[in-house]
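Engineer: Mind looking over this structure? Questions follow.
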Amino acid sequence: GLQISTERIAKGELESKIEPSGSDEIGDLADSMEYMRRSLLKSQQSLLESERRYRELVETSRALLVTHDLEGKILMVNREACMALGYSPEEVIGQNIKEIMAESVRHLFPEYLREIKEKGKASGLISLLHRAGEKEVWAYHNTLIHDNPASPIICSTGFDITQHIKLEKALKESEERYRQIVELSPMAICIYQDDKVVFANQAALDLLKYERPEELLHKPMMDIIYPEDRDMVRQRI
């Protein structure tokens with residue numbers, strides 16, 4: 001009867017319908033409990049659907065999502081983050097995030113924890129170790145979440161920018177090699193923009209009898225062309 005139904009509701013067993021029986025007062029009580037059961041069941045189903053959508057969003061996100069506690073223990077990690085690091089979720093969850101940081105930056109971890117506890121957020125770059133031992137660089141933005149005041153967690157959103165940094169470094173090295181080739185070239189080289197000289201190598205300075213680049217830079221280009229050749233140069237450019 002009602003006692004069994006009450007015990008089922010208390011245990012979260014909400015599938016069985018409560019049938020009215022007995023006196024009017026008991027029947028009204030049974031109706032009230034049935035209404036409460038249906039309301040709880042609807043709330044439970046909505047919560048389960050919300051959790052399902054959340055899990056789907058986390059697992060399909062292209063961002064690297066990690067949560068950890070105030071000591072650094074990893075509580076959740078999505079598939080994208082696991083793939084980036086070369087681990088399975090089971091291998092990562094429960095570890096301290098400090099253990100997968102590059103050794104060269106581990107000494108910064110206490111400072112990171114202090115900042116996020118005081119300010120509620122932290123962002124920047126972090127060097128992590130791939131399972132194969134290679135160093136990766138993530139750009140991260142972390143937020144302290146107080147949904148449960150007794151056990152606040154830190155939600156981390158990151159992006160792997162390792163390849164971007166490598167490409168940026170390669171580009172700088174290429175630019176430096178190009179600059180050295182141009183500056184050391186025995187041929188006179190000038191670069192102009194908006195009809196002004198913006199670069200001249202040493203050979204150009206020697207040819208035009210200038211001692212310092214500053215004397216030539218920002219001069220109108222036509223000022224360094226022989227007057228009788230200026231019309232021809234204008235036509236060619």
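Scheme for the structure tokens: letters A, B, ... for chains in order shown; per-chain residue numbers from 1; ligand numbers from 1 in order shown.
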Please report as a Markdown table every residue of stretch 135-220 of chain A lying within 12 Å of stretch 106-116 of chain A, along with the nearest atom pair and their distance in Å (one decimal), using only C-alpha atoms.

Structural biologist:
```
| residue | atom | partner | partner_atom | distance |
| --- | --- | --- | --- | --- |
| A:Tyr140 | CA | A:Tyr112 | CA | 11.9 |
| A:His141 | CA | A:Ile116 | CA | 10.6 |
| A:Asn142 | CA | A:Ile116 | CA | 7.9 |
| A:Thr143 | CA | A:Ile116 | CA | 7.4 |
| A:Leu144 | CA | A:Ile116 | CA | 6.7 |
| A:Ile145 | CA | A:Ile116 | CA | 10.5 |
| A:Pro152 | CA | A:Ile116 | CA | 11.5 |
| A:Ile153 | CA | A:Ile116 | CA | 10.6 |
| A:Ile154 | CA | A:Ile116 | CA | 8.4 |
| A:Cys155 | CA | A:Ile116 | CA | 10.8 |
| A:Ser156 | CA | A:Ile116 | CA | 11.2 |
```

Engineer: Using DSSP secondary structure from the backbone, list all alpha helix (DSSP H) positions within stretch 64-104 of chain A, as a PyMOL selection string.

Structural biologist: chain A and resi 79-85+89-92

Engineer: Would you list the contacts of stretch 184-192 of chain A as a list in words, taking every protein, DNA or RNA residue within 8 Å and counting only C-alpha atoms, but skipping same-chain residues closer than 2 positions in sequence?

Structural biologist: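 Here the answer would be Gln180, Ile181, Val182, Asp194, Asp195, Lys196, Val197, Val198, Phe199, Ala200, Asn201, Gln202, Ala203, Ala204, Leu205, Leu207 and Met221 of chain A.
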
Engineer: Next, dump the selected residues to file, keeping only all heavy atoms, as a compact mmCIF listing (two decimals), in the first residue's frame.

Structural biologist:
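This went into out-v9.txt:
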```
# COMPACT_ATOMS: atom_id res chain seq x y z
N GLN A 180 69.69 37.80 -43.60
CA GLN A 180 71.15 37.70 -43.67
C GLN A 180 71.62 37.61 -45.12
O GLN A 180 72.62 38.23 -45.51
CB GLN A 180 71.63 36.48 -42.88
CG GLN A 180 71.47 36.64 -41.37
CD GLN A 180 71.97 35.42 -40.62
OE1 GLN A 180 72.40 34.43 -41.22
NE2 GLN A 180 71.93 35.48 -39.30
N ILE A 181 70.88 36.84 -45.93
CA ILE A 181 71.24 36.70 -47.35
C ILE A 181 71.18 38.07 -48.04
O ILE A 181 72.09 38.46 -48.79
CB ILE A 181 70.33 35.70 -48.07
CG1 ILE A 181 70.63 34.28 -47.57
CG2 ILE A 181 70.48 35.78 -49.58
CD1 ILE A 181 69.65 33.23 -48.07
N VAL A 182 70.10 38.82 -47.77
CA VAL A 182 69.92 40.13 -48.41
C VAL A 182 70.96 41.13 -47.92
O VAL A 182 71.57 41.86 -48.70
CB VAL A 182 68.50 40.66 -48.14
CG1 VAL A 182 68.37 42.12 -48.58
CG2 VAL A 182 67.48 39.80 -48.88
N ASP A 194 55.23 52.64 -50.89
CA ASP A 194 54.58 53.96 -50.99
C ASP A 194 55.57 55.02 -51.45
O ASP A 194 55.61 56.15 -50.92
CB ASP A 194 53.96 54.36 -49.65
CG ASP A 194 52.86 53.39 -49.21
OD1 ASP A 194 52.19 52.84 -50.10
OD2 ASP A 194 52.71 53.20 -47.99
N ASP A 195 56.43 54.63 -52.44
CA ASP A 195 57.41 55.54 -53.05
C ASP A 195 58.49 56.00 -52.09
O ASP A 195 59.20 56.97 -52.35
CB ASP A 195 56.72 56.78 -53.66
CG ASP A 195 55.79 56.40 -54.80
OD1 ASP A 195 56.14 55.47 -55.56
OD2 ASP A 195 54.72 57.03 -54.95
N LYS A 196 58.65 55.29 -50.96
CA LYS A 196 59.71 55.62 -49.99
C LYS A 196 60.62 54.41 -49.80
O LYS A 196 60.16 53.27 -49.82
CB LYS A 196 59.11 56.01 -48.63
CG LYS A 196 58.12 57.15 -48.68
CD LYS A 196 58.81 58.48 -48.65
CE LYS A 196 57.77 59.58 -48.65
NZ LYS A 196 58.19 60.78 -48.01
N VAL A 197 61.89 54.67 -49.59
CA VAL A 197 62.84 53.59 -49.32
C VAL A 197 62.62 53.10 -47.90
O VAL A 197 62.66 53.89 -46.94
CB VAL A 197 64.29 54.08 -49.50
CG1 VAL A 197 65.28 52.95 -49.14
CG2 VAL A 197 64.54 54.56 -50.92
N VAL A 198 62.40 51.80 -47.75
CA VAL A 198 62.17 51.24 -46.41
C VAL A 198 63.28 50.27 -46.00
O VAL A 198 63.37 49.87 -44.86
CB VAL A 198 60.80 50.54 -46.32
CG1 VAL A 198 59.67 51.54 -46.49
CG2 VAL A 198 60.69 49.43 -47.36
N PHE A 199 64.12 49.89 -46.97
CA PHE A 199 65.25 49.01 -46.64
C PHE A 199 66.35 49.20 -47.68
O PHE A 199 66.06 49.37 -48.87
CB PHE A 199 64.83 47.54 -46.63
CG PHE A 199 65.99 46.58 -46.48
CD1 PHE A 199 66.52 46.31 -45.23
CD2 PHE A 199 66.58 45.99 -47.59
CE1 PHE A 199 67.61 45.46 -45.09
CE2 PHE A 199 67.67 45.14 -47.46
CZ PHE A 199 68.18 44.87 -46.21
N ALA A 200 67.58 49.14 -47.22
CA ALA A 200 68.74 49.17 -48.13
C ALA A 200 69.85 48.35 -47.49
O ALA A 200 70.16 48.54 -46.31
CB ALA A 200 69.19 50.60 -48.39
N ASN A 201 70.43 47.42 -48.25
CA ASN A 201 71.52 46.62 -47.68
C ASN A 201 72.84 47.39 -47.76
O ASN A 201 72.91 48.50 -48.30
CB ASN A 201 71.61 45.25 -48.36
CG ASN A 201 72.08 45.34 -49.80
OD1 ASN A 201 72.16 46.43 -50.38
ND2 ASN A 201 72.39 44.20 -50.39
N GLN A 202 73.87 46.78 -47.20
CA GLN A 202 75.17 47.48 -47.12
C GLN A 202 75.72 47.78 -48.50
O GLN A 202 76.31 48.86 -48.72
CB GLN A 202 76.16 46.63 -46.32
CG GLN A 202 77.48 47.33 -46.02
CD GLN A 202 77.29 48.61 -45.21
OE1 GLN A 202 76.57 48.61 -44.22
NE2 GLN A 202 77.93 49.71 -45.64
N ALA A 203 75.53 46.88 -49.44
CA ALA A 203 76.02 47.12 -50.81
C ALA A 203 75.36 48.34 -51.42
O ALA A 203 76.00 49.12 -52.15
CB ALA A 203 75.77 45.88 -51.67
N ALA A 204 74.05 48.55 -51.13
CA ALA A 204 73.34 49.72 -51.64
C ALA A 204 73.88 50.99 -50.99
O ALA A 204 74.05 52.03 -51.66
CB ALA A 204 71.85 49.58 -51.39
N LEU A 205 74.15 50.93 -49.68
CA LEU A 205 74.71 52.09 -49.00
C LEU A 205 76.07 52.46 -49.59
O LEU A 205 76.37 53.65 -49.80
CB LEU A 205 74.83 51.81 -47.50
CG LEU A 205 73.54 51.60 -46.72
CD1 LEU A 205 73.85 51.25 -45.26
CD2 LEU A 205 72.64 52.81 -46.78
N LEU A 207 77.20 51.75 -52.61
CA LEU A 207 77.05 52.23 -53.98
C LEU A 207 76.59 53.68 -54.01
O LEU A 207 77.05 54.48 -54.84
CB LEU A 207 76.05 51.35 -54.72
CG LEU A 207 75.71 51.75 -56.16
CD1 LEU A 207 76.94 51.60 -57.07
CD2 LEU A 207 74.57 50.90 -56.69
N MET A 221 61.87 57.47 -53.37
CA MET A 221 62.65 56.58 -54.21
C MET A 221 63.29 57.31 -55.40
O MET A 221 64.44 57.04 -55.77
CB MET A 221 61.77 55.45 -54.73
CG MET A 221 62.53 54.40 -55.53
SD MET A 221 61.42 53.29 -56.41
CE MET A 221 60.69 54.42 -57.59
```
